Structure formats: structure tokens, C-alpha cells
Amino acid sequence: MLQLPCIYLQELNTNASHCAHVASFSLARQLQKEVQSANSSDFTEEQKVIVTSLLSFVLPQCTQSKEEFKLEDLKKLETIITNILSYNKEFPFDVQPHPAETLSVGCWLHFGAHVCNLCPLTGTLLPRLPSEPGMTLLTIKIEKIGLKDAGQCIDPYMTISVKDLNGVDLNPVQDTPVATRKEDTYIHFSVDVEIQRHVEKLPKGAAIFFEFKHYKPKKRFTSTKCFAFMEMDEIKPGPIVIELYKKPTDFKRKKLQLLTKKPLYLHLHQTLHKDS
């Protein structure tokens, strides 16, 4: 599987909601011909691989899009290609920052069989469900997590899931954006997570899991460092502090080991929304 830093696709990812018309089909095809040309001297071999991979992701979406191609989108494409052509630093230890924002070192693009998984710079959090009479929705604010090596964690984020007693997903799994604020032994998230099922519809024995993940540059992958969970009897409005457990994540909750004996926890705040 080819691995690329997200510097090469950040421009596309930033505008992912309409990436189908970031490049028109004809323009993308022309670029593809230029890259694949044996006489092309404008691209290094590495850049040819990068652009070809980008196009393998963009072209299928261009053909499926019914949206109008606009001049401002052409300008965005020009910026993308300019960034690719001007980038020649060794990766992964020297990642060129995006002009408008600093990109994280652990942000990678994995291309394989035309499947693209983007690192969660912006997360995959979902909006609150529509209210129903007599039913309760739960919002959990992830405030912070305490870790003895908090300052060393690269691209930290949380994966939130709701599981039954057998570890089967009951809701869509959500990722928070990458946390950027670290303070002493804490990583601050300050992000709201909307649980995608009414509290009354959660089965007995269900639990809400929080997996803390971070990037390991030496091994070049994202790893789960620890996890925590909330059971149904813990759902109540207000702050709550829950314990952290060693990986691997035990969704069945049968072999739990505390991460540390130190007073370091996951700090949450719950809000219940009931439509009367």
C-alpha cells in the first residue's frame, strides 16, 4: 500500500464536501496525461506517483458529480498542484505546512485499491438526532484526558462508539478532531459528541466507549493508547470522571486492567435533552 503525507491531499480534504468539482473531468484527464507522459520533465518520479494517486481518488468522483464546475474551483486546483510541485522535503520527518494552517506530522494518506482513509483532522462527529416526544438525547462533552506523557502524544483524538454486551456496534462510530491543546498531564478536547440513539432505546448492558488514539512516527501508524467507558447507570446530567484502561479495547468488559494507579482520568460532561 502506498503511503503519502496529507500535505498532498489536504487541499482536497479541506473542500471534501464538493471535491467532485475541485477538478473538472477534462482538466483532470489532461493532467493525468501530462504526468504519465514519458517526456514529462515537470514532475519527479515521486511527484508522478503522488499526482497519479490523487487522480485515482478524484476522477471517479468527478464523473459522478452533477455539480457545476466554477472558476474558483479551478484556482483551488492550481494551488494543489503548485504545492505538490514545490514540495521536495524528505517525508515523514519534515512535512511542509499548509499556508493557512499548520498540518500535523502524523497525518497520512493511505491509498490502496482506490480506497482512501483520511486522518481525522476535522473528525467525523455527527449532528444531534431529531427530537421525539418523551424521548431523551445525550450530548457528551469530552473535556480532557489525563496522561503522564500527554505532551508526547502526536495527533491525539478519541473514537466514540456505543456497544452492546457482546461488543457489537449499536450506533455509528465517531472520531473527534485531533486535539491541539496540551497542558501538563492533560490533553484538552472540549468537543461535544452527540450519541446517535435515544437513551430509552439503548439496550440493557450497553456502554459508551472512548478510545484514545495517537500517531506513532517510528511505526508509522495510529495506535490506541487506552480506553474508557460509561455504562447506562452512569448516564446523568453534569460532570463525570471515568477511569482509563490498558489496551487492547475490551468491548465485552471482561478483562479490564487500569492504565495507571495515578489519579489520571477521562473528564466528561453530560447533557440530557428531553422533548416533552
# chains A, B, ... in the order shown; residues from 1 in each chain; ligands from 1
$ residues_around --residues "Asp192 in chain A" --least-positions-apart "2" --cutoff "10 Å" --atoms "only C-alpha atoms" --output "ChimeraX atom specification"
/A:125-128,139-143,176,189-190,194-195,268-271
$ residues_around --residues "Glu231 in chain A" --least-positions-apart "2" --cutoff "6 Å" --atoms "only C-alpha atoms" --output "list in words"
Ala207, Asp233 and Glu234 of chain A
$ write_last_selection --atoms "N, CA and C atoms" --output "PDB file, in the first residue's frame"
ATOM      1  N   ALA A 207     -22.903   0.097  26.607  1.00  0.00           N
ATOM      2  CA  ALA A 207     -21.905   1.012  27.168  1.00  0.00           C
ATOM      3  C   ALA A 207     -21.377   1.923  26.069  1.00  0.00           C
ATOM      4  N   ASP A 233     -26.064   3.114  33.781  1.00  0.00           N
ATOM      5  CA  ASP A 233     -26.426   3.715  35.070  1.00  0.00           C
ATOM      6  C   ASP A 233     -25.607   4.967  35.374  1.00  0.00           C
ATOM      7  N   GLU A 234     -24.616   5.257  34.532  1.00  0.00           N
ATOM      8  CA  GLU A 234     -23.800   6.457  34.722  1.00  0.00           C
ATOM      9  C   GLU A 234     -24.308   7.638  33.890  1.00  0.00           C
TER      10      GLU A 234
END
$ closest_residue --among "A:Ser223, A:Pro217, A:Ile145, A:Ile154" --to "Leu264 in chain A" --atoms "only C-alpha atoms"
A:Ile145
$ closest_residue --among "A:Pro263, A:Gly146, A:Gly123, A:Gly205" --to "Val193 in chain A" --atoms "only C-alpha atoms"
A:Gly123
$ atom_distance --atom1 "CA of Ala228 in chain A" --atom2 "CA of Ile208 in chain A"
8.4 Å
$ atom_distance --atom1 "CA of Pro130 in chain A" --atom2 "CA of Leu202 in chain A"
16.3 Å
$ atom_distance --atom1 "CA of Phe212 in chain A" --atom2 "CA of Arg197 in chain A"
22.1 Å
